[in-house]
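Colleague: My structure is in run-v7.pdb, and what it holds is PDB, C-alpha atoms:
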ATOM      1  CA  MET W 677      87.561  88.514 121.537
ATOM      2  CA  ILE W 678      84.296  90.265 122.342
ATOM      3  CA  ILE W 679      83.074  92.809 119.794
ATOM      4  CA  ARG W 680      81.451  95.769 121.526
ATOM      5  CA  SER W 681      82.359  98.386 118.907
ATOM      6  CA  CYS W 682      83.135  98.432 115.198
ATOM      7  CA  ALA W 683      84.763 101.182 113.179
ATOM      8  CA  VAL W 684      83.210 101.600 109.767
ATOM      9  CA  PHE W 685      85.458 103.231 107.189
ATOM     10  CA  CYS W 686      83.488 104.537 104.203
ATOM     11  CA  GLY W 687      83.030 107.351 101.748
ATOM     12  CA  SER W 688      81.965 110.925 102.334
ATOM     13  CA  ARG W 689      80.248 110.618  98.953
ATOM     14  CA  PHE W 690      77.473 108.269  97.854
ATOM     15  CA  GLY W 691      79.195 106.703  94.846
ATOM     16  CA  ASN W 692      77.442 105.804  91.613
ATOM     17  CA  SER W 693      75.326 102.859  92.733
ATOM     18  CA  PRO W 694      72.297 102.895  95.032
ATOM     19  CA  ALA W 695      73.621  99.582  96.412
ATOM     20  CA  TYR W 696      76.282 101.528  98.343
ATOM     21  CA  ALA W 697      73.811 103.636 100.354
ATOM     22  CA  GLU W 698      71.608 100.570 100.838
ATOM     23  CA  GLY W 699      74.615  98.704 102.252
ATOM     24  CA  ALA W 700      75.551 101.620 104.524
ATOM     25  CA  THR W 701      71.985 101.717 105.851
ATOM     26  CA  GLU W 702      72.015  97.969 106.345
ATOM     27  CA  ILE W 703      75.301  97.954 108.275
ATOM     28  CA  GLY W 704      74.301 100.848 110.545
ATOM     29  CA  THR W 705      70.996  99.156 111.334
ATOM     30  CA  ALA W 706      72.583  95.737 111.885
ATOM     31  CA  LEU W 707      75.278  97.052 114.235
ATOM     32  CA  ALA W 708      72.629  98.791 116.351
ATOM     33  CA  GLN W 709      70.404  95.703 116.408
ATOM     34  CA  HIS W 710      73.333  93.611 117.654
ATOM     35  CA  GLY W 711      74.269  96.141 120.341
ATOM     36  CA  ILE W 712      77.572  97.015 118.672
ATOM     37  CA  THR W 713      78.648 100.659 118.948
ATOM     38  CA  LEU W 714      79.384 102.307 115.600
ATOM     39  CA  VAL W 715      82.655 104.235 115.492
ATOM     40  CA  TYR W 716      83.044 106.333 112.359
ATOM     41  CA  GLY W 717      84.513 109.522 110.918
ATOM     42  CA  GLY W 718      81.935 111.885 112.405
ATOM     43  CA  GLY W 719      80.567 113.369 109.186
ATOM     44  CA  HIS W 720      76.951 113.784 108.126
ATOM     45  CA  VAL W 721      77.680 113.588 104.395
ATOM     46  CA  GLY W 722      77.731 110.646 101.973
ATOM     47  CA  LEU W 723      77.859 107.081 103.211
ATOM     48  CA  MET W 724      79.298 108.278 106.537
ATOM     49  CA  GLY W 725      76.095 110.142 107.304
ATOM     50  CA  THR W 726      73.996 107.276 106.011
ATOM     51  CA  VAL W 727      75.601 104.649 108.255
ATOM     52  CA  ALA W 728      75.367 106.926 111.309
ATOM     53  CA  ASP W 729      71.745 107.884 110.652
ATOM     54  CA  ALA W 730      70.773 104.224 110.223
ATOM     55  CA  ALA W 731      72.459 103.196 113.480
ATOM     56  CA  LEU W 732      70.811 106.064 115.363
ATOM     57  CA  LYS W 733      67.385 105.323 113.862
ATOM     58  CA  ALA W 734      67.738 101.706 115.022
ATOM     59  CA  GLY W 735      68.552 102.867 118.558
ATOM     60  CA  GLY W 736      72.300 102.284 118.424
ATOM     61  CA  LYS W 737      75.185 104.126 120.003
ATOM     62  CA  VAL W 738      77.270 106.143 117.534
ATOM     63  CA  ILE W 739      80.670 107.683 118.237
ATOM     64  CA  GLY W 740      81.915 110.130 115.624
ATOM     65  CA  VAL W 741      85.571 111.167 115.523
ATOM     66  CA  ILE W 742      86.258 114.186 113.344
ATOM     67  CA  PRO W 743      89.337 116.378 112.866
ATOM     68  CA  GLU W 744      89.062 120.059 113.783
ATOM     69  CA  PHE W 745      89.384 121.344 110.203
ATOM     70  CA  LEU W 746      86.311 119.334 109.121
ATOM     71  CA  HIS W 747      84.452 120.280 112.299
ATOM     72  CA  ALA W 748      85.120 123.926 111.436
ATOM     73  CA  ARG W 749      83.561 123.401 107.989
ATOM     74  CA  GLU W 750      80.415 122.141 109.729
ATOM     75  CA  VAL W 751      80.332 118.767 107.987
ATOM     76  CA  MET W 752      80.119 116.975 111.339
ATOM     77  CA  HIS W 753      77.061 115.018 112.393
ATOM     78  CA  LYS W 754      75.470 116.906 115.280
ATOM     79  CA  GLY W 755      73.084 114.093 116.206
ATOM     80  CA  VAL W 756      75.521 111.336 117.171
ATOM     81  CA  THR W 757      75.671 109.881 120.675
ATOM     82  CA  GLN W 758      79.208 111.152 121.180
ATOM     83  CA  LEU W 759      81.293 113.436 118.944
ATOM     84  CA  GLU W 760      85.024 113.764 119.511
ATOM     85  CA  VAL W 761      87.018 116.488 117.779
ATOM     86  CA  THR W 762      90.695 115.752 117.176
ATOM     87  CA  PRO W 763      93.467 118.174 116.177
ATOM     88  CA  ASP W 764      94.248 116.347 112.911
ATOM     89  CA  MET W 765      93.643 113.284 110.721
ATOM     90  CA  HIS W 766      96.408 111.221 112.335
ATOM     91  CA  THR W 767      94.925 111.684 115.791
ATOM     92  CA  ARG W 768      91.483 110.872 114.401
ATOM     93  CA  LYS W 769      92.661 107.497 113.079
ATOM     94  CA  ALA W 770      94.495 106.702 116.309
ATOM     95  CA  ARG W 771      91.398 107.530 118.349
ATOM     96  CA  MET W 772      89.140 105.411 116.123
ATOM     97  CA  PHE W 773      91.636 102.573 116.605
ATOM     98  CA  GLU W 774      91.460 102.969 120.405
ATOM     99  CA  LEU W 775      87.664 102.885 120.393
ATOM    100  CA  SER W 776      87.183  99.865 118.096
ATOM    101  CA  ASP W 777      87.132  96.089 118.551
ATOM    102  CA  ALA W 778      86.713  95.392 114.805
ATOM    103  CA  TYR W 779      86.898  97.235 111.489
ATOM    104  CA  ALA W 780      84.504  97.119 108.550
ATOM    105  CA  ILE W 781      85.446  98.743 105.272
ATOM    106  CA  ILE W 782      82.536  99.580 102.990
ATOM    107  CA  PRO W 783      82.506 101.585  99.733
ATOM    108  CA  GLY W 784      84.665 104.673  99.733
ATOM    109  CA  GLY W 785      87.507 106.459  98.039
ATOM    110  CA  LEU W 786      91.003 107.613  98.893
ATOM    111  CA  GLY W 787      90.334 108.315 102.575
ATOM    112  CA  THR W 788      88.767 104.888 102.992
ATOM    113  CA  PHE W 789      91.747 103.248 101.283
ATOM    114  CA  ASP W 790      94.105 105.193 103.543
ATOM    115  CA  GLU W 791      92.277 103.992 106.656
ATOM    116  CA  LEU W 792      92.246 100.388 105.437
ATOM    117  CA  MET W 793      95.941 100.377 104.579
ATOM    118  CA  GLU W 794      96.936 101.923 107.890
ATOM    119  CA  ILE W 795      94.856  99.550 110.010
ATOM    120  CA  MET W 796      96.181  96.547 108.022
ATOM    121  CA  THR W 797      99.761  97.778 108.410
ATOM    122  CA  TRP W 798      99.271  98.180 112.161
ATOM    123  CA  LYS W 799      97.973  94.609 112.304
ATOM    124  CA  GLN W 800     100.930  93.342 110.259
ATOM    125  CA  LEU W 801     103.275  95.094 112.694
ATOM    126  CA  GLY W 802     101.548  93.428 115.651
ATOM    127  CA  LEU W 803      99.989  96.604 117.053
ATOM    128  CA  HIS W 804      96.568  94.945 117.178
ATOM    129  CA  GLN W 805      94.819  91.656 116.404
ATOM    130  CA  GLU W 806      91.300  92.963 115.805
ATOM    131  CA  PRO W 807      89.478  91.605 112.769
ATOM    132  CA  ILE W 808      89.351  93.655 109.565
ATOM    133  CA  TYR W 809      86.486  93.012 107.157
ATOM    134  CA  ILE W 810      86.282  94.325 103.608
ATOM    135  CA  VAL W 811      82.578  94.307 102.754
ATOM    136  CA  ASN W 812      82.277  93.922  98.978
ATOM    137  CA  ILE W 813      78.939  95.717  98.650
ATOM    138  CA  GLY W 814      77.923  95.815  94.999
ATOM    139  CA  GLY W 815      81.337  94.459  93.988
ATOM    140  CA  TRP W 816      83.061  97.770  94.829
ATOM    141  CA  ALA W 817      86.070  96.094  96.493
ATOM    142  CA  THR W 818      86.876  93.479  93.847
ATOM    143  CA  SER W 819      89.651  95.522  92.227
ATOM    144  CA  LEU W 820      90.954  96.604  95.655
ATOM    145  CA  VAL W 821      91.320  92.974  96.736
ATOM    146  CA  ASP W 822      92.937  92.188  93.377
ATOM    147  CA  THR W 823      95.489  94.935  94.055
ATOM    148  CA  LEU W 824      96.232  93.562  97.535
ATOM    149  CA  ASN W 825      96.699  90.087  96.050
ATOM    150  CA  ALA W 826      98.935  91.501  93.305
ATOM    151  CA  ALA W 827     101.240  92.985  95.957
ATOM    152  CA  VAL W 828     101.721  89.452  97.280
ATOM    153  CA  ASP W 829     102.001  87.850  93.835
ATOM    154  CA  GLN W 830     104.616  90.397  92.741
ATOM    155  CA  GLY W 831     106.720  89.912  95.872
ATOM    156  CA  PHE W 832     105.970  93.227  97.618
ATOM    157  CA  ALA W 833     104.082  91.617 100.491
ATOM    158  CA  ASP W 834     104.428  88.306 102.267
ATOM    159  CA  PRO W 835     101.675  85.753 101.575
ATOM    160  CA  SER W 836     100.679  86.113 105.239
ATOM    161  CA  ALA W 837      99.330  89.570 104.298
ATOM    162  CA  ARG W 838      96.264  87.812 102.893
ATOM    163  CA  ARG W 839      95.357  86.824 106.467
ATOM    164  CA  LEU W 840      95.277  90.443 107.667
ATOM    165  CA  PHE W 841      91.724  90.906 106.386
ATOM    166  CA  THR W 842      88.617  88.935 105.516
ATOM    167  CA  VAL W 843      86.502  89.700 102.469
ATOM    168  CA  VAL W 844      82.760  89.324 102.991
ATOM    169  CA  GLN W 845      80.229  89.775 100.221
ATOM    170  CA  ASP W 846      77.491  91.596 102.113
ATOM    171  CA  VAL W 847      76.314  92.871 105.479
ATOM    172  CA  PRO W 848      74.603  89.630 106.576
ATOM    173  CA  GLU W 849      77.917  87.783 106.100
ATOM    174  CA  LEU W 850      79.730  90.515 108.039
ATOM    175  CA  MET W 851      77.253  90.214 110.897
ATOM    176  CA  GLU W 852      77.732  86.430 110.980
ATOM    177  CA  HIS W 853      81.407  87.112 111.746
ATOM    178  CA  LEU W 854      80.817  89.948 114.213
ATOM    179  CA  SER W 855      77.905  88.392 116.089
ATOM    180  CA  VAL W 856      79.933  85.314 117.044
ATOM    181  CA  ASN W 857      81.879  87.582 119.392
ATOM    182  CA  VAL W 858      79.110  89.850 120.688
ATOM    183  CA  PRO W 859      78.506  89.661 124.453
ATOM    184  CA  ALA W 860      75.232  87.975 125.405
TER     185      ALA W 860
END
In structure tokens, how does this file's structure come out?

Modeller:
Amino acid sequence: MIIRSCAVFCGSRFGNSPAYAEGATEIGTALAQHGITLVYGGGHVGLMGTVADAALKAGGKVIGVIPEFLHAREVMHKGVTQLEVTPDMHTRKARMFELSDAYAIIPGGLGTFDELMEIMTWKQLGLHQEPIYIVNIGGWATSLVDTLNAAVDQGFADPSARRLFTVVQDVPELMEHLSVNVPA
């Protein structure tokens, strides 16, 4: 599989550690340097804005997908390469799915968890085979991964669910995975 685009799911807030914004900057820059289009939620706030700004600064292509109600609140990033406005959140996620060859989950909250769970469920159901990477920047995802493992251990998910995603510890490790499949 050739990776030409990667959706990054992340927070619209910065979180409590400077490591999160540093990681968002690093991933945006690295995607651009590898010629991988960033697909993200279209906002200019929090880590979403940070990852987009970093990709743009490094000369990358950035596609933002934002639902109308957030567009109307003017939280969208006006400087992205391409901004798509969808009627609702469900359409936003479906469109991000259509545009992406891989998924990277970096620090975020409830919306980020929602996006991760949906894209993993779609993979479990055979709707896609694209790689899903949980990037454990600053250890933020440790308890999330523990929860996913607990679902298996407690019999609520098949052990094969552990193969739906790959945990990487930082952006360089993520890029090792993604760059294997980048067109020359």

Colleague: Would you list the contacts of Thr726 in chain W as a list in words, taking every protein, DNA or RNA residue within 6 Å and counting only C-alpha atoms, but skipping same-chain residues closer than 3 positions in sequence?

Modeller: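 The residues that qualify are Thr701, Leu723 and Asp729 of chain W.
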
Colleague: Choose the residue, out of W:Ser693, W:Ser681, W:Ser776, W:Thr757, that has the smallest atom-to-atom separation from Ile795 in chain W; count all atoms listed in the file.

Modeller: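 Smallest separation from Ile795 in chain W among the options: W:Ser776.
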
Colleague: With the file shown as input, list the residues that the PyMOL selection byres ((chain W and resi 770) around 12) selects, as a PDB file with C-alpha atoms, in the frame of the given file.

Modeller:
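The new file out-v9.pdb reads:
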ATOM      1  CA  ALA W 683      84.763 101.182 113.179  1.00  0.00           C
ATOM      2  CA  GLY W 717      84.513 109.522 110.918  1.00  0.00           C
ATOM      3  CA  VAL W 741      85.571 111.167 115.523  1.00  0.00           C
ATOM      4  CA  ILE W 742      86.258 114.186 113.344  1.00  0.00           C
ATOM      5  CA  PRO W 743      89.337 116.378 112.866  1.00  0.00           C
ATOM      6  CA  THR W 762      90.695 115.752 117.176  1.00  0.00           C
ATOM      7  CA  PRO W 763      93.467 118.174 116.177  1.00  0.00           C
ATOM      8  CA  ASP W 764      94.248 116.347 112.911  1.00  0.00           C
ATOM      9  CA  MET W 765      93.643 113.284 110.721  1.00  0.00           C
ATOM     10  CA  HIS W 766      96.408 111.221 112.335  1.00  0.00           C
ATOM     11  CA  THR W 767      94.925 111.684 115.791  1.00  0.00           C
ATOM     12  CA  ARG W 768      91.483 110.872 114.401  1.00  0.00           C
ATOM     13  CA  LYS W 769      92.661 107.497 113.079  1.00  0.00           C
ATOM     14  CA  ARG W 771      91.398 107.530 118.349  1.00  0.00           C
ATOM     15  CA  MET W 772      89.140 105.411 116.123  1.00  0.00           C
ATOM     16  CA  PHE W 773      91.636 102.573 116.605  1.00  0.00           C
ATOM     17  CA  GLU W 774      91.460 102.969 120.405  1.00  0.00           C
ATOM     18  CA  LEU W 775      87.664 102.885 120.393  1.00  0.00           C
ATOM     19  CA  SER W 776      87.183  99.865 118.096  1.00  0.00           C
ATOM     20  CA  GLU W 791      92.277 103.992 106.656  1.00  0.00           C
ATOM     21  CA  GLU W 794      96.936 101.923 107.890  1.00  0.00           C
ATOM     22  CA  ILE W 795      94.856  99.550 110.010  1.00  0.00           C
ATOM     23  CA  TRP W 798      99.271  98.180 112.161  1.00  0.00           C
ATOM     24  CA  LEU W 803      99.989  96.604 117.053  1.00  0.00           C
ATOM     25  CA  HIS W 804      96.568  94.945 117.178  1.00  0.00           C
TER      26      HIS W 804
END

Colleague: For the structure provided, state which residues fall under the PyMOL selection byres ((chain W and resi 687) around 12), and present them as a VMD selection string.

Modeller: chain W and resid 684 to 686 688 to 692 696 to 697 700 716 to 727 781 to 791 816

Colleague: Applying 12 Å and only C-alpha atoms, which residues near Gly815 in chain W remain after dropping the ones on its own chain fewer than 2 positions away? List them as a ChimeraX atom specification.

Modeller: /W:693,695-696,699,782-783,810-813,817-822,843-846

Colleague: Evaluate the PyMOL selection byres ((chain W and resi 732) around 10) and record the selected residues as a PyMOL selection string, following the chain and residue labels used in the document.

Modeller: chain W and resi 704-705+708+714+726-731+733-738+755-757

Colleague: Create the file for the chosen residues now, containing C-alpha atoms and written as a PDB file, keeping the file's coordinate frame.

Modeller:
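Okay, this is what ended up in result36.pdb:
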ATOM      1  CA  GLY W 704      74.301 100.848 110.545  1.00  0.00           C
ATOM      2  CA  THR W 705      70.996  99.156 111.334  1.00  0.00           C
ATOM      3  CA  ALA W 708      72.629  98.791 116.351  1.00  0.00           C
ATOM      4  CA  LEU W 714      79.384 102.307 115.600  1.00  0.00           C
ATOM      5  CA  THR W 726      73.996 107.276 106.011  1.00  0.00           C
ATOM      6  CA  VAL W 727      75.601 104.649 108.255  1.00  0.00           C
ATOM      7  CA  ALA W 728      75.367 106.926 111.309  1.00  0.00           C
ATOM      8  CA  ASP W 729      71.745 107.884 110.652  1.00  0.00           C
ATOM      9  CA  ALA W 730      70.773 104.224 110.223  1.00  0.00           C
ATOM     10  CA  ALA W 731      72.459 103.196 113.480  1.00  0.00           C
ATOM     11  CA  LYS W 733      67.385 105.323 113.862  1.00  0.00           C
ATOM     12  CA  ALA W 734      67.738 101.706 115.022  1.00  0.00           C
ATOM     13  CA  GLY W 735      68.552 102.867 118.558  1.00  0.00           C
ATOM     14  CA  GLY W 736      72.300 102.284 118.424  1.00  0.00           C
ATOM     15  CA  LYS W 737      75.185 104.126 120.003  1.00  0.00           C
ATOM     16  CA  VAL W 738      77.270 106.143 117.534  1.00  0.00           C
ATOM     17  CA  GLY W 755      73.084 114.093 116.206  1.00  0.00           C
ATOM     18  CA  VAL W 756      75.521 111.336 117.171  1.00  0.00           C
ATOM     19  CA  THR W 757      75.671 109.881 120.675  1.00  0.00           C
TER      20      THR W 757
END

Colleague: When you look at Thr797 in chain W with a cut-off of 12 Å (counting all atoms listed in the file), what residues show up, excluding the ones that are within fewer than 4 positions of it in the same chain? I need them as a list in words.

Modeller: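 My list of contacting residues is Asp790, Glu791, Leu792, Met793, Leu801, Gly802, Leu803, His804, Gln805, Ile808, Ala833, Ala837, Arg838, Arg839, Leu840 and Phe841 of chain W.
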
Colleague: Using only C-alpha atoms, what residues lie at most 6 Å away from (79.7, 98.6, 122.1) (file coordinates), given as a list in words?

Modeller: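 Those residues lying close to the given coordinates are Arg680, Ser681, Ile712 and Thr713 of chain W.
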